[in-house]
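Structure first, commentary second.
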Amino acid sequence: MANIEKQSQSSFQTALYALSLEREAAAPLHVQLADALRRMILTGIAPPGARVPASRALAAELSISRMTATTALDQLTAEGYLETRQGAGTYVASNLPHISPPSRAPAPGPEPDAPTAPLPFHPAIPDLAAFPHALWARHLERAWRRPEPALLALPDPAGYAALRDAIAAHLSAWRGLNVSAGQIIITSGATQAMALAARALLAPGDKVLMEDPGFAPMKAAMRDADLVPRPHAIDTDGFDIESAARDCPSARAVLVTPSRHYPLGITLPLPRRLALIDWAARNGAFIFEDDYDSEFRYVGQPLPALSALDGSHRTLYIGSFSKLLSPALRLGYLVVPVSLLPRFGPALSHHQGASLVPQPALANFMETGEFAAHLRKMRRLYAKRQKTLLNALAYHLPDHLTATPDPSGMHIVARPGPALTKPDTVVGQQAEQVGLTLRPLSRYFSKHPQQGFVLGYAGFDEPTLEAAVKKLAGILSA
Ligand SMILES: Cc1ncc(COP(=O)(O)O)c(C=O)c1O
């Protein structure tokens with residue numbers, strides 16, 4: 001059967017089985033069924049040649065007697081709408097004119113763009129080709145072919161227990177954090193983790209300090225949670241809580257990326273980390289630590305998380321699998337200090353966490369050590385890609401862009417050289433025309449924007465990066 005025929009056969013069957021016949025109506029059930037089938041044929045939902053389910057199946061699906069189903073089918077056969085083929089069942093008569101079923105009403109706005117493959121320099125894309133598809137499929141199959149009863153029950157709002165265990169082990173090994181699974185809440189990403197922490201600990205209208213420049217989706221999530229984001233300009237050492245608190249003394253929390261400032265890549269020095277912790281303890285405030293890609297450190301060991309230093313337990317750690325595995329997974333988590341856990345009761349009862357489908361697979365993937373092996377493999381790959389990108393920029397655009405090696409991360413920031421006179425936003429638009437996602441640095445700032453570009457390299461192989469830099473050179477030297 002051609003694809004389209006299969007499709008119309010299945011839409012016909014779906015429509016037929018979705019019929020609801022009214023037992024209380026004046027018209028008998030066989031008349032209602034015959035009317036409905038006739039309508040389906042006349043409107044093209046049941047095309048000529050479509051197979052009509054056998055009376056036994058029809059009766060079972062519609063909860064009617066087999067006699068009712070047979071009477072309706074016989075009636076339509078007598079009228080010429082249906083034909084029986086000896087030994088092969090009943091079909092919509094093939095000599096009827098073909099009527100196309102009504103097309104669906106057009107969507108009110110413009111058609112959404114079909115998703116396209118990420119374009120070079122997109123900063124939030126890991127290498128999706130290197131995603132361990134075969135292993136992942138095996139773990140999904142293992143979890144879901146014969147699911148344990150707990151998987152099918154009402155999910156724990158804090159997430160799948162084995163995944164929380166696996167994350168606790170990962171944090172201890174990679175981030176120097178000693179936490180128990182009971183402190184971990186699975187979310188659908190870092191932004192949801194931040195919103196959940198805000199709902200549990202803050203009140204509408206509370207001011208939250210954040211780094212300027214910073215990650216715009218977090219600012220949007222704060223506004224959605226009725227908080228007031230207060231971006232504060234960072235300096236060459238990153239975020240300075242003393243100057244930020246002078247600017248906004250009533251702030252109730254701060255959101256920071258201390259391991260690797262987003263997007264500039266600065267690591268927050270120890271004195272500033274300690275000052276942050278001290279400020280939170282003195283003011284009864286909270287620190288939200290967004291630790292989104294620290295595992296990808298190319299020089300030395302990943303630095304321990306800020307949360308690991310916080311003896312006053314006011315730091316909430318936010319993790320995400322978007323950059324470590326894929327943004328399509330929509331999996332992240334929040335680590336809550338034990339003393340704050342009781343405050344999460346009401347917020348958790350409204351927490352619509354992440355889908356349970358990928359959670360057991362990810363738990364297995366982590367427990368077997370395959371996740372750690374994948375991270376190590378990606379770390380080697382990304383380190384090479386960063387070098388390739390830096391070399392290509394130095395070769396093709398020595399006077400237009402300057403960029404220096406970064407000890408970690410998945411993107412670099414390139415600053416304008418003496419030959420670049422166009423604003424970064426203009427170059428960004430021109431780059432889009434030639435198939436590049438070139439993020440202007442100025443867009444990451446709330447105030448006092450700086451010029452430059454955020455160039456993601458992790459998701460693109462070396463020939464693609466080389467070709468993309470040549471394209472960019474074409475635009476900049478035009
Ligand atoms: C600074 C920062 N935080 C967090 C995330 C992850 O966000 P999510 O888990 O909501 O995809 C990203 C991903 O791009 C990021 O750049």
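Residue numbering restarts at 1 in every chain; chains get A, B, ... in the order shown in the structure tokens, and ligands count up from 1 in that same order.
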**Q.** Residue neighbourhood stretch 234-249 of chain A, 7 Å, only C-alpha atoms, exclusion window fewer than 2 positions, as a ChimeraX atom specification
**A.** /A:211-212,232,251,266,268-269,272,275-276
(Q) At a cut-off of 9 Å and counting only C-alpha atoms and all ligand atoms, what residues surround ligand 1? Please answer as a ChimeraX atom specification. (A) /A:123-125,187-193,214-218,256-257,260-263,290-293,318-323,326-333
Export, as a tab-separated table (two decimals), in the first residue's frame, the selected residues with N, CA and C atoms.
chain	number	residue	atom	x	y	z
A	123	PRO	N	26.59	28.99	19.96
A	123	PRO	CA	27.38	28.73	21.16
A	123	PRO	C	26.79	27.68	22.11
A	124	ALA	N	25.56	27.25	21.90
A	124	ALA	CA	24.96	26.37	22.91
A	124	ALA	C	24.82	24.93	22.42
A	125	ILE	N	25.61	24.56	21.42
A	125	ILE	CA	25.41	23.25	20.81
A	125	ILE	C	26.62	22.34	21.07
A	187	THR	N	14.93	18.77	37.02
A	187	THR	CA	14.09	19.79	36.36
A	187	THR	C	14.21	19.63	34.85
A	188	SER	N	13.47	20.46	34.13
A	188	SER	CA	13.58	20.38	32.67
A	188	SER	C	14.65	21.34	32.15
A	189	GLY	N	15.60	21.67	32.97
A	189	GLY	CA	16.72	22.51	32.52
A	189	GLY	C	17.13	23.48	33.61
A	190	ALA	N	18.20	24.21	33.32
A	190	ALA	CA	18.76	25.13	34.31
A	190	ALA	C	17.78	26.26	34.63
A	191	THR	N	17.09	26.74	33.63
A	191	THR	CA	16.19	27.87	33.88
A	191	THR	C	15.03	27.44	34.78
A	192	GLN	N	14.55	26.23	34.57
A	192	GLN	CA	13.46	25.76	35.44
A	192	GLN	C	13.97	25.55	36.87
A	193	ALA	N	15.23	25.13	36.99
A	193	ALA	CA	15.81	24.93	38.32
A	193	ALA	C	15.86	26.28	39.06
A	214	GLY	N	25.21	38.64	30.65
A	214	GLY	CA	24.72	37.39	31.23
A	214	GLY	C	23.85	36.61	30.25
A	215	PHE	N	23.26	35.55	30.79
A	215	PHE	CA	22.48	34.59	29.99
A	215	PHE	C	21.02	35.05	29.98
A	216	ALA	N	20.58	35.56	28.83
A	216	ALA	CA	19.25	36.18	28.75
A	216	ALA	C	18.11	35.25	29.19
A	217	PRO	N	18.12	33.93	28.86
A	217	PRO	CA	16.98	33.11	29.29
A	217	PRO	C	16.78	33.10	30.80
A	218	MET	N	17.87	33.26	31.57
A	218	MET	CA	17.71	33.29	33.03
A	218	MET	C	16.98	34.57	33.45
A	256	VAL	N	24.88	33.66	39.69
A	256	VAL	CA	26.25	33.82	39.14
A	256	VAL	C	26.69	32.55	38.39
A	257	THR	N	27.68	32.74	37.53
A	257	THR	CA	28.32	31.61	36.84
A	257	THR	C	29.80	31.63	37.24
A	260	ARG	N	32.75	29.64	35.26
A	260	ARG	CA	33.09	30.17	33.95
A	260	ARG	C	32.01	31.17	33.60
A	261	HIS	N	32.36	32.44	33.77
A	261	HIS	CA	31.33	33.47	33.53
A	261	HIS	C	30.76	33.32	32.13
A	262	TYR	N	29.44	33.45	32.02
A	262	TYR	CA	28.81	33.37	30.71
A	262	TYR	C	28.47	34.78	30.24
A	263	PRO	N	28.95	35.25	29.09
A	263	PRO	CA	29.72	34.49	28.11
A	263	PRO	C	31.23	34.75	28.14
A	290	ASP	N	24.96	28.90	38.72
A	290	ASP	CA	24.68	28.25	37.43
A	290	ASP	C	25.99	27.67	36.90
A	291	ASP	N	26.08	26.34	36.93
A	291	ASP	CA	27.33	25.65	36.57
A	291	ASP	C	27.06	24.82	35.33
A	292	TYR	N	27.09	25.46	34.18
A	292	TYR	CA	26.48	24.87	32.99
A	292	TYR	C	27.41	24.04	32.13
A	293	ASP	N	28.74	24.26	32.18
A	293	ASP	CA	29.61	23.42	31.33
A	293	ASP	C	31.00	23.23	31.92
A	318	ILE	N	22.98	24.82	40.39
A	318	ILE	CA	22.11	24.52	39.24
A	318	ILE	C	22.94	23.82	38.17
A	319	GLY	N	22.52	22.63	37.78
A	319	GLY	CA	23.24	21.89	36.73
A	319	GLY	C	22.33	21.65	35.55
A	320	SER	N	22.94	21.31	34.41
A	320	SER	CA	22.16	21.09	33.20
A	320	SER	C	22.86	20.05	32.33
A	321	PHE	N	22.07	19.26	31.61
A	321	PHE	CA	22.65	18.32	30.65
A	321	PHE	C	22.59	18.88	29.23
A	322	SER	N	22.13	20.15	29.10
A	322	SER	CA	21.96	20.72	27.76
A	322	SER	C	23.29	20.80	27.03
A	323	LYS	N	24.34	21.21	27.72
A	323	LYS	CA	25.62	21.36	27.03
A	323	LYS	C	26.46	20.08	27.15
A	326	SER	N	22.81	17.09	25.34
A	326	SER	CA	22.03	17.70	24.25
A	326	SER	C	20.95	18.60	24.85
A	327	PRO	N	20.74	19.79	24.24
A	327	PRO	CA	19.68	20.65	24.75
A	327	PRO	C	18.29	20.04	24.52
A	328	ALA	N	18.21	19.05	23.62
A	328	ALA	CA	16.91	18.44	23.33
A	328	ALA	C	16.44	17.55	24.48
A	329	LEU	N	17.35	17.12	25.35
A	329	LEU	CA	16.93	16.25	26.46
A	329	LEU	C	16.03	16.99	27.44
A	330	ARG	N	16.24	18.29	27.54
A	330	ARG	CA	15.54	19.12	28.54
A	330	ARG	C	15.68	18.50	29.94
A	331	LEU	N	16.89	18.34	30.38
A	331	LEU	CA	17.14	17.81	31.72
A	331	LEU	C	18.17	18.68	32.44
A	332	GLY	N	17.82	19.08	33.62
A	332	GLY	CA	18.74	19.82	34.48
A	332	GLY	C	18.40	19.45	35.91
A	333	TYR	N	19.01	20.13	36.86
A	333	TYR	CA	18.70	19.80	38.26
A	333	TYR	C	19.12	20.94	39.18
Q: Output as a PyMOL selection string all residues of stretch 178-406 of chain A that backbone DSSP marks as strand (DSSP E or B).
A: chain A and resi 184-187+207-212+228-233+235+238+253-256+286-290+297+315-320+332-335+401-402
Only C-alpha atoms, please: the residues just picked out, written as a short mmCIF file (atom, residue, chain, number, x, y, z; two decimals), in the first residue's frame.
data_model
loop_
_atom_site.label_atom_id
_atom_site.label_comp_id
_atom_site.auth_asym_id
_atom_site.auth_seq_id
_atom_site.Cartn_x
_atom_site.Cartn_y
_atom_site.Cartn_z
CA ILE A 184 18.70 16.89 44.20
CA ILE A 185 15.57 17.89 42.28
CA ILE A 186 15.40 17.01 38.59
CA THR A 187 14.09 19.79 36.36
CA LYS A 207 15.38 41.74 43.51
CA VAL A 208 17.94 39.28 42.20
CA LEU A 209 21.41 40.45 41.24
CA MET A 210 22.92 38.93 38.14
CA GLU A 211 26.01 39.36 36.04
CA ASP A 212 26.03 41.87 33.19
CA VAL A 228 13.15 41.75 39.46
CA PRO A 229 16.48 40.94 37.79
CA ARG A 230 19.19 43.52 38.57
CA PRO A 231 22.11 43.05 36.15
CA HIS A 232 25.38 44.43 37.53
CA ALA A 233 28.43 45.08 35.35
CA ASP A 235 34.94 43.72 35.88
CA GLY A 238 34.07 38.82 37.22
CA ALA A 253 19.59 36.70 45.90
CA VAL A 254 22.29 36.61 43.27
CA LEU A 255 22.64 34.44 40.17
CA VAL A 256 26.25 33.82 39.14
CA PHE A 286 20.72 33.20 48.50
CA ILE A 287 23.26 32.41 45.81
CA PHE A 288 22.12 30.58 42.67
CA GLU A 289 25.20 28.99 41.14
CA ASP A 290 24.68 28.25 37.43
CA ARG A 297 38.04 22.18 31.24
CA THR A 315 24.13 28.41 47.78
CA LEU A 316 21.84 26.46 45.45
CA TYR A 317 23.70 24.65 42.70
CA ILE A 318 22.11 24.52 39.24
CA GLY A 319 23.24 21.89 36.73
CA SER A 320 22.16 21.09 33.20
CA GLY A 332 18.74 19.82 34.48
CA TYR A 333 18.70 19.80 38.26
CA LEU A 334 18.85 21.84 41.42
CA VAL A 335 20.89 20.94 44.50
CA LEU A 401 39.34 39.84 15.30
CA THR A 402 41.43 38.98 18.32
#
Q. From the set A:Leu202, A:Ala403, A:Leu325, A:Leu58, which residue has the shortest atom-to-atom contact distance to A:Phe131, counting only C-alpha atoms?
A. A:Leu325
Q. Which one of A:Asn364, A:Ser94, A:Thr14, A:Thr84 sits closest to A:Ala137 if you count only C-alpha atoms?
A. A:Asn364
Q: Within stretch 133-197 of chain A, find each residue whose DSSP state, derived from the backbone, is alpha helix (DSSP H), and express the selection as a PyMOL selection string.
A: chain A and resi 133-144+149-152+161-175+190-197
Keeping N, CA and C atoms, export the residues of the selection given above as a short mmCIF file (atom, residue, chain, number, x, y, z; two decimals), in the first residue's frame.
data_model
loop_
_atom_site.label_atom_id
_atom_site.label_comp_id
_atom_site.auth_asym_id
_atom_site.auth_seq_id
_atom_site.Cartn_x
_atom_site.Cartn_y
_atom_site.Cartn_z
N HIS A 133 24.40 7.61 20.35
CA HIS A 133 23.03 7.17 20.03
C HIS A 133 22.77 5.69 20.34
N ALA A 134 23.73 4.84 20.00
CA ALA A 134 23.49 3.40 20.17
C ALA A 134 23.36 3.05 21.66
N LEU A 135 24.27 3.60 22.47
CA LEU A 135 24.20 3.34 23.91
C LEU A 135 22.91 3.88 24.49
N TRP A 136 22.58 5.08 24.05
CA TRP A 136 21.38 5.74 24.56
C TRP A 136 20.15 4.90 24.24
N ALA A 137 20.09 4.40 23.00
CA ALA A 137 18.93 3.59 22.59
C ALA A 137 18.87 2.33 23.46
N ARG A 138 20.04 1.74 23.74
CA ARG A 138 20.06 0.53 24.56
C ARG A 138 19.54 0.82 25.96
N HIS A 139 19.96 1.95 26.53
CA HIS A 139 19.51 2.28 27.90
C HIS A 139 18.02 2.60 27.92
N LEU A 140 17.54 3.27 26.88
CA LEU A 140 16.10 3.57 26.82
C LEU A 140 15.31 2.27 26.73
N GLU A 141 15.79 1.38 25.86
CA GLU A 141 15.09 0.10 25.66
C GLU A 141 15.10 -0.69 26.97
N ARG A 142 16.27 -0.71 27.64
CA ARG A 142 16.37 -1.49 28.87
C ARG A 142 15.36 -0.99 29.90
N ALA A 143 15.20 0.35 29.96
CA ALA A 143 14.30 0.91 30.97
C ALA A 143 12.84 0.72 30.61
N TRP A 144 12.52 0.80 29.32
CA TRP A 144 11.11 0.93 28.97
C TRP A 144 10.48 -0.30 28.32
N PRO A 149 7.50 -1.24 37.90
CA PRO A 149 6.22 -0.57 38.22
C PRO A 149 6.41 0.89 38.64
N ALA A 150 7.52 1.21 39.33
CA ALA A 150 7.72 2.59 39.81
C ALA A 150 7.73 3.59 38.65
N LEU A 151 8.16 3.13 37.47
CA LEU A 151 8.23 4.04 36.33
C LEU A 151 6.85 4.44 35.83
N LEU A 152 5.88 3.59 36.08
CA LEU A 152 4.55 3.86 35.54
C LEU A 152 3.63 4.50 36.57
N ALA A 161 14.64 8.40 41.25
CA ALA A 161 15.61 8.24 42.35
C ALA A 161 17.00 7.84 41.85
N ALA A 162 17.06 6.89 40.90
CA ALA A 162 18.38 6.41 40.47
C ALA A 162 19.16 7.52 39.76
N LEU A 163 18.44 8.41 39.08
CA LEU A 163 19.15 9.52 38.42
C LEU A 163 19.69 10.50 39.46
N ARG A 164 18.93 10.71 40.51
CA ARG A 164 19.39 11.62 41.57
C ARG A 164 20.64 11.03 42.24
N ASP A 165 20.65 9.70 42.42
CA ASP A 165 21.85 9.05 42.97
C ASP A 165 23.04 9.26 42.04
N ALA A 166 22.79 9.03 40.75
CA ALA A 166 23.89 9.11 39.77
C ALA A 166 24.44 10.54 39.70
N ILE A 167 23.55 11.53 39.81
CA ILE A 167 24.01 12.93 39.76
C ILE A 167 24.85 13.24 41.00
N ALA A 168 24.41 12.72 42.17
CA ALA A 168 25.18 12.97 43.40
C ALA A 168 26.60 12.40 43.23
N ALA A 169 26.71 11.21 42.65
CA ALA A 169 28.05 10.60 42.45
C ALA A 169 28.85 11.44 41.45
N HIS A 170 28.20 11.91 40.41
CA HIS A 170 28.89 12.73 39.40
C HIS A 170 29.42 14.03 40.02
N LEU A 171 28.58 14.66 40.85
CA LEU A 171 28.99 15.94 41.45
C LEU A 171 30.17 15.75 42.39
N SER A 172 30.19 14.62 43.06
CA SER A 172 31.31 14.37 43.96
C SER A 172 32.59 14.19 43.16
N ALA A 173 32.52 13.42 42.06
CA ALA A 173 33.72 13.14 41.28
C ALA A 173 34.20 14.35 40.48
N TRP A 174 33.27 15.09 39.90
CA TRP A 174 33.67 16.14 38.94
C TRP A 174 33.64 17.54 39.53
N ARG A 175 32.83 17.76 40.57
CA ARG A 175 32.64 19.14 41.02
C ARG A 175 32.99 19.34 42.49
N ALA A 190 18.20 24.21 33.32
CA ALA A 190 18.76 25.13 34.31
C ALA A 190 17.78 26.26 34.63
N THR A 191 17.09 26.74 33.63
CA THR A 191 16.19 27.87 33.88
C THR A 191 15.03 27.44 34.78
N GLN A 192 14.55 26.23 34.57
CA GLN A 192 13.46 25.76 35.44
C GLN A 192 13.97 25.55 36.87
N ALA A 193 15.23 25.13 36.99
CA ALA A 193 15.81 24.93 38.32
C ALA A 193 15.86 26.28 39.06
N MET A 194 16.27 27.31 38.34
CA MET A 194 16.35 28.63 38.96
C MET A 194 14.95 29.11 39.37
N ALA A 195 13.97 28.90 38.49
CA ALA A 195 12.61 29.36 38.78
C ALA A 195 12.05 28.61 40.00
N LEU A 196 12.38 27.32 40.10
CA LEU A 196 11.89 26.53 41.24
C LEU A 196 12.50 27.05 42.55
N ALA A 197 13.81 27.33 42.51
CA ALA A 197 14.48 27.85 43.71
C ALA A 197 13.86 29.18 44.10
#
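Picture a line from atom CA of A:Pro101 to atom CA of A:Pro53; it runs 19.6 Å.
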Q: Give me the residues within 8 Å of A:Leu389 as an MDAnalysis selection string, counting only C-alpha atoms and dropping any in the same chain fewer than 4 places off.
A: chainID A and resid 385 393 457 462 465:466 469
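Distances from A:Leu73, A:Ala308, A:Ala280, A:Gly417 to A:Gly452 were compared using only C-alpha atoms, and the smallest one belongs to A:Gly417.
Distance annotation: of A:Tyr298, A:Phe371, A:Phe12, A:Phe445, the residue with the minimal separation from A:Thr43 is A:Phe12; atom set is only C-alpha atoms.
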